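For reference, the structure is listed below as structure tokens.
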Amino acid sequence: MKLFGLLLASILFVSVCSAKVGKLQRANGLSKDDFATVLEHVESNLPKVWNTLTSIRENGVNVRLTSERKMGPGKAAGTDQIVISTFFLTNDLPKFPEDRLVIVLLHEFGHILHNRETERGQRNPVKHEFFAFAYSIKMAIKLAENGDSGPLDQVIKNLKIRNKSGKPKDPHTIAIKELIKTPLWTNATAALEGD
Ligand SMILES: [Zn+2]
């Protein structure tokens, strides 16, 4: 698992030297004790998630933990803030194994990068989702090339499901429908099959 962390640190990102390491923060409503318990749990039981979080923070993103569940597993805001729901980190959810949580984090970091790299006028919800999904797939391919195809397996599986069952007008669904027509998708599925 050390390797996974090193790997992430080396492939994931951009301008590590210029970025200030982001903070781990606690949202209102999450007690100090619960905050500490969640962090301990993640560090010892979800090492890939922990390493991904660390790499993202090293790229200048503050990560805030919240006990709120309705927002889903994660949400990105602006150029330096990701909020993660502790519910998805601490419960053993069959639909959210560790490899999927890694993809969630990469997806949210993709949103951050898109905000950093574009002007407001260039963005729209579909483009945003497209970029975030594409980013998570690219990173998952790199991880697979380096011996861990778990995250790639999860992202392909879940995008296929959402392509079929997502609400047609949801920007996520529209972005996924565009994405599966791209060479990136072809490469991703090939990388998994060649595993
Ligand atoms: Zn998104």
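Following the order of the structure tokens, first chain is A, next is B, and so on, with residues numbered from 1 inside each chain and ligands from 1 in the order they appear.
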
Ligand 1: which residues are within 12 Å, counting only C-alpha atoms and all ligand atoms, as an mmCIF file with N, CA and C atoms, in the first residue's frame?
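The result, written out as selection_22.cif:
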```cif
data_model
loop_
_atom_site.group_PDB
_atom_site.id
_atom_site.type_symbol
_atom_site.label_atom_id
_atom_site.label_comp_id
_atom_site.auth_asym_id
_atom_site.auth_seq_id
_atom_site.Cartn_x
_atom_site.Cartn_y
_atom_site.Cartn_z
ATOM 1 N N MET A 71 -25.873 14.654 0.630
ATOM 2 C CA MET A 71 -25.134 15.207 -0.512
ATOM 3 C C MET A 71 -24.428 14.126 -1.353
ATOM 4 N N GLY A 72 -24.439 12.881 -0.871
ATOM 5 C CA GLY A 72 -23.697 11.828 -1.574
ATOM 6 C C GLY A 72 -22.306 11.711 -0.987
ATOM 7 N N PRO A 73 -21.451 10.892 -1.599
ATOM 8 C CA PRO A 73 -20.148 10.640 -0.983
ATOM 9 C C PRO A 73 -19.190 11.833 -0.988
ATOM 10 N N GLY A 74 -19.246 12.646 -2.041
ATOM 11 C CA GLY A 74 -18.287 13.755 -2.102
ATOM 12 C C GLY A 74 -18.796 14.902 -2.945
ATOM 13 N N LYS A 75 -18.202 16.070 -2.709
ATOM 14 C CA LYS A 75 -18.609 17.269 -3.443
ATOM 15 C C LYS A 75 -17.411 18.212 -3.506
ATOM 16 N N ALA A 76 -17.198 18.794 -4.672
ATOM 17 C CA ALA A 76 -16.085 19.732 -4.819
ATOM 18 C C ALA A 76 -16.628 21.149 -4.884
ATOM 19 N N ALA A 77 -15.839 22.094 -4.389
ATOM 20 C CA ALA A 77 -16.242 23.491 -4.485
ATOM 21 C C ALA A 77 -15.034 24.357 -4.805
ATOM 22 N N ILE A 82 -12.823 20.181 -1.043
ATOM 23 C CA ILE A 82 -13.634 18.980 -1.278
ATOM 24 C C ILE A 82 -14.291 18.597 0.039
ATOM 25 N N ILE A 103 -12.178 6.380 -6.638
ATOM 26 C CA ILE A 103 -12.697 7.027 -7.859
ATOM 27 C C ILE A 103 -13.496 8.287 -7.520
ATOM 28 N N VAL A 104 -14.296 8.210 -6.468
ATOM 29 C CA VAL A 104 -15.055 9.393 -6.039
ATOM 30 C C VAL A 104 -14.099 10.556 -5.754
ATOM 31 N N LEU A 105 -13.029 10.268 -5.037
ATOM 32 C CA LEU A 105 -12.068 11.327 -4.694
ATOM 33 C C LEU A 105 -11.397 11.883 -5.946
ATOM 34 N N LEU A 106 -11.016 10.989 -6.853
ATOM 35 C CA LEU A 106 -10.375 11.456 -8.089
ATOM 36 C C LEU A 106 -11.359 12.287 -8.915
ATOM 37 N N HIS A 107 -12.611 11.867 -8.931
ATOM 38 C CA HIS A 107 -13.648 12.612 -9.649
ATOM 39 C C HIS A 107 -13.787 14.031 -9.070
ATOM 40 N N GLU A 108 -13.860 14.110 -7.763
ATOM 41 C CA GLU A 108 -14.005 15.441 -7.151
ATOM 42 C C GLU A 108 -12.759 16.290 -7.392
ATOM 43 N N PHE A 109 -11.598 15.668 -7.344
ATOM 44 C CA PHE A 109 -10.381 16.420 -7.646
ATOM 45 C C PHE A 109 -10.393 16.882 -9.107
ATOM 46 N N GLY A 110 -10.984 16.074 -9.973
ATOM 47 C CA GLY A 110 -11.150 16.479 -11.375
ATOM 48 C C GLY A 110 -11.953 17.772 -11.481
ATOM 49 N N HIS A 111 -13.000 17.880 -10.677
ATOM 50 C CA HIS A 111 -13.789 19.130 -10.671
ATOM 51 C C HIS A 111 -12.914 20.323 -10.251
ATOM 52 N N ILE A 112 -12.103 20.090 -9.238
ATOM 53 C CA ILE A 112 -11.205 21.160 -8.768
ATOM 54 C C ILE A 112 -10.263 21.594 -9.894
ATOM 55 N N LEU A 113 -9.673 20.605 -10.572
ATOM 56 C CA LEU A 113 -8.734 20.928 -11.657
ATOM 57 C C LEU A 113 -9.440 21.693 -12.768
ATOM 58 N N HIS A 114 -10.656 21.276 -13.080
ATOM 59 C CA HIS A 114 -11.410 21.972 -14.139
ATOM 60 C C HIS A 114 -11.650 23.427 -13.739
ATOM 61 N N ASN A 124 -19.764 24.436 -18.016
ATOM 62 C CA ASN A 124 -21.193 24.178 -17.799
ATOM 63 C C ASN A 124 -21.280 22.814 -17.122
ATOM 64 N N PRO A 125 -22.439 22.483 -16.579
ATOM 65 C CA PRO A 125 -22.525 21.251 -15.775
ATOM 66 C C PRO A 125 -22.103 19.983 -16.518
ATOM 67 N N VAL A 126 -22.462 19.877 -17.795
ATOM 68 C CA VAL A 126 -22.095 18.665 -18.536
ATOM 69 C C VAL A 126 -20.582 18.611 -18.755
ATOM 70 N N LYS A 127 -19.998 19.741 -19.175
ATOM 71 C CA LYS A 127 -18.541 19.784 -19.375
ATOM 72 C C LYS A 127 -17.820 19.454 -18.080
ATOM 73 N N HIS A 128 -18.357 19.970 -16.969
ATOM 74 C CA HIS A 128 -17.731 19.730 -15.677
ATOM 75 C C HIS A 128 -17.713 18.244 -15.349
ATOM 76 N N GLU A 129 -18.865 17.613 -15.520
ATOM 77 C CA GLU A 129 -18.931 16.177 -15.218
ATOM 78 C C GLU A 129 -18.053 15.376 -16.177
ATOM 79 N N PHE A 130 -18.085 15.762 -17.445
ATOM 80 C CA PHE A 130 -17.267 15.062 -18.444
ATOM 81 C C PHE A 130 -15.796 15.104 -18.024
ATOM 82 N N PHE A 131 -15.334 16.288 -17.665
ATOM 83 C CA PHE A 131 -13.931 16.441 -17.274
ATOM 84 C C PHE A 131 -13.615 15.587 -16.045
ATOM 85 N N ALA A 132 -14.503 15.632 -15.050
ATOM 86 C CA ALA A 132 -14.257 14.900 -13.795
ATOM 87 C C ALA A 132 -14.243 13.386 -14.029
ATOM 88 N N PHE A 133 -15.188 12.904 -14.820
ATOM 89 C CA PHE A 133 -15.202 11.464 -15.126
ATOM 90 C C PHE A 133 -13.948 11.081 -15.911
ATOM 91 N N ALA A 134 -13.634 11.903 -16.924
ATOM 92 C CA ALA A 134 -12.477 11.587 -17.764
ATOM 93 C C ALA A 134 -11.204 11.571 -16.916
ATOM 94 N N TYR A 135 -11.088 12.536 -16.028
ATOM 95 C CA TYR A 135 -9.897 12.586 -15.176
ATOM 96 C C TYR A 135 -9.787 11.315 -14.324
ATOM 97 N N SER A 136 -10.904 10.905 -13.727
ATOM 98 C CA SER A 136 -10.852 9.715 -12.863
ATOM 99 C C SER A 136 -10.495 8.477 -13.689
ATOM 100 N N ASP A 170 -29.975 14.431 -16.382
ATOM 101 C CA ASP A 170 -28.913 14.670 -15.406
ATOM 102 C C ASP A 170 -27.587 14.913 -16.155
ATOM 103 N N PRO A 171 -26.894 16.021 -15.838
ATOM 104 C CA PRO A 171 -25.613 16.296 -16.511
ATOM 105 C C PRO A 171 -24.633 15.132 -16.417
ATOM 106 N N HIS A 172 -24.674 14.388 -15.304
ATOM 107 C CA HIS A 172 -23.795 13.213 -15.175
ATOM 108 C C HIS A 172 -24.084 12.215 -16.297
ATOM 109 N N THR A 173 -25.373 11.938 -16.499
ATOM 110 C CA THR A 173 -25.762 10.948 -17.505
ATOM 111 C C THR A 173 -25.375 11.423 -18.901
ATOM 112 N N ILE A 174 -25.635 12.701 -19.185
ATOM 113 C CA ILE A 174 -25.304 13.242 -20.507
ATOM 114 C C ILE A 174 -23.786 13.138 -20.742
ATOM 115 N N ALA A 175 -23.018 13.495 -19.705
ATOM 116 C CA ALA A 175 -21.553 13.430 -19.827
ATOM 117 C C ALA A 175 -21.091 11.993 -20.050
ATOM 118 N N ILE A 176 -21.689 11.056 -19.334
ATOM 119 C CA ILE A 176 -21.299 9.642 -19.475
ATOM 120 C C ILE A 176 -21.600 9.164 -20.897
#
```

**Message:** When you look at A:Ala188 with a cut-off of 12 Å (counting only C-alpha atoms), what residues show up, excluding the ones that are within fewer than 4 positions of it in the same chain? I need them as a ChimeraX atom specification.
**Reply:** /A:133-145,149,151-157,159,179-184,192-195

Restricted to C-alpha atoms, what would the selected residues look like written as a tab-separated table (two decimals), in the first residue's frame?
```
chain	number	residue	atom	x	y	z
A	133	PHE	CA	-15.20	11.46	-15.13
A	134	ALA	CA	-12.48	11.59	-17.76
A	135	TYR	CA	-9.90	12.59	-15.18
A	136	SER	CA	-10.85	9.72	-12.86
A	137	ILE	CA	-10.64	7.26	-15.77
A	138	LYS	CA	-7.21	8.54	-16.83
A	139	MET	CA	-5.86	8.15	-13.33
A	140	ALA	CA	-7.47	4.72	-12.96
A	141	ILE	CA	-5.78	3.59	-16.20
A	142	LYS	CA	-2.42	4.71	-14.82
A	143	LEU	CA	-3.03	2.82	-11.60
A	144	ALA	CA	-4.00	-0.27	-13.60
A	145	GLU	CA	-0.86	0.01	-15.70
A	149	SER	CA	-6.87	-2.39	-11.64
A	151	PRO	CA	-10.26	1.54	-9.28
A	152	LEU	CA	-10.50	1.08	-13.08
A	153	ASP	CA	-12.80	-1.87	-12.60
A	154	GLN	CA	-15.04	0.23	-10.37
A	155	VAL	CA	-15.21	3.30	-12.58
A	156	ILE	CA	-16.05	1.29	-15.70
A	157	LYS	CA	-18.63	-0.79	-13.91
A	159	LEU	CA	-20.34	4.35	-15.46
A	179	LEU	CA	-17.65	9.83	-22.69
A	180	ILE	CA	-18.35	6.26	-23.74
A	181	LYS	CA	-18.01	7.34	-27.37
A	182	THR	CA	-14.43	8.55	-26.86
A	183	PRO	CA	-11.10	6.76	-27.43
A	184	LEU	CA	-10.44	7.21	-23.70
A	192	LEU	CA	-9.18	-3.71	-18.02
A	193	GLU	CA	-9.66	-6.63	-20.39
A	194	GLY	CA	-5.93	-6.90	-21.01
A	195	ASP	CA	-5.46	-7.25	-17.30
```

**Asked** Leaving out stretch 59-61 of chain A and any residue of its chain fewer than 3 positions from it, which residues lie within 7 Å of it when counting only C-alpha atoms, given as number ranges by chain?
**Response** A: 16, 19-22, 55-56, 80-82

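The space between atom CA of A:Phe88 and atom CA of A:Arg69 spans 8.0 Å.
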
**Prompt:** Within 8 Å of stretch 90-99 of chain A, counting only C-alpha atoms, which residues qualify if same-chain residues fewer than 2 places away don't, as a PyMOL selection string?
**Reply:** chain A and resi 38+41-42+46+48-49+86-88+101-103+150-151+154

**Prompt:** So which bits of stretch 82-194 of chain A end up strand (DSSP E or B) when you DSSP the backbone, as an NGL selection string?
**Reply:** :A and (82-85)
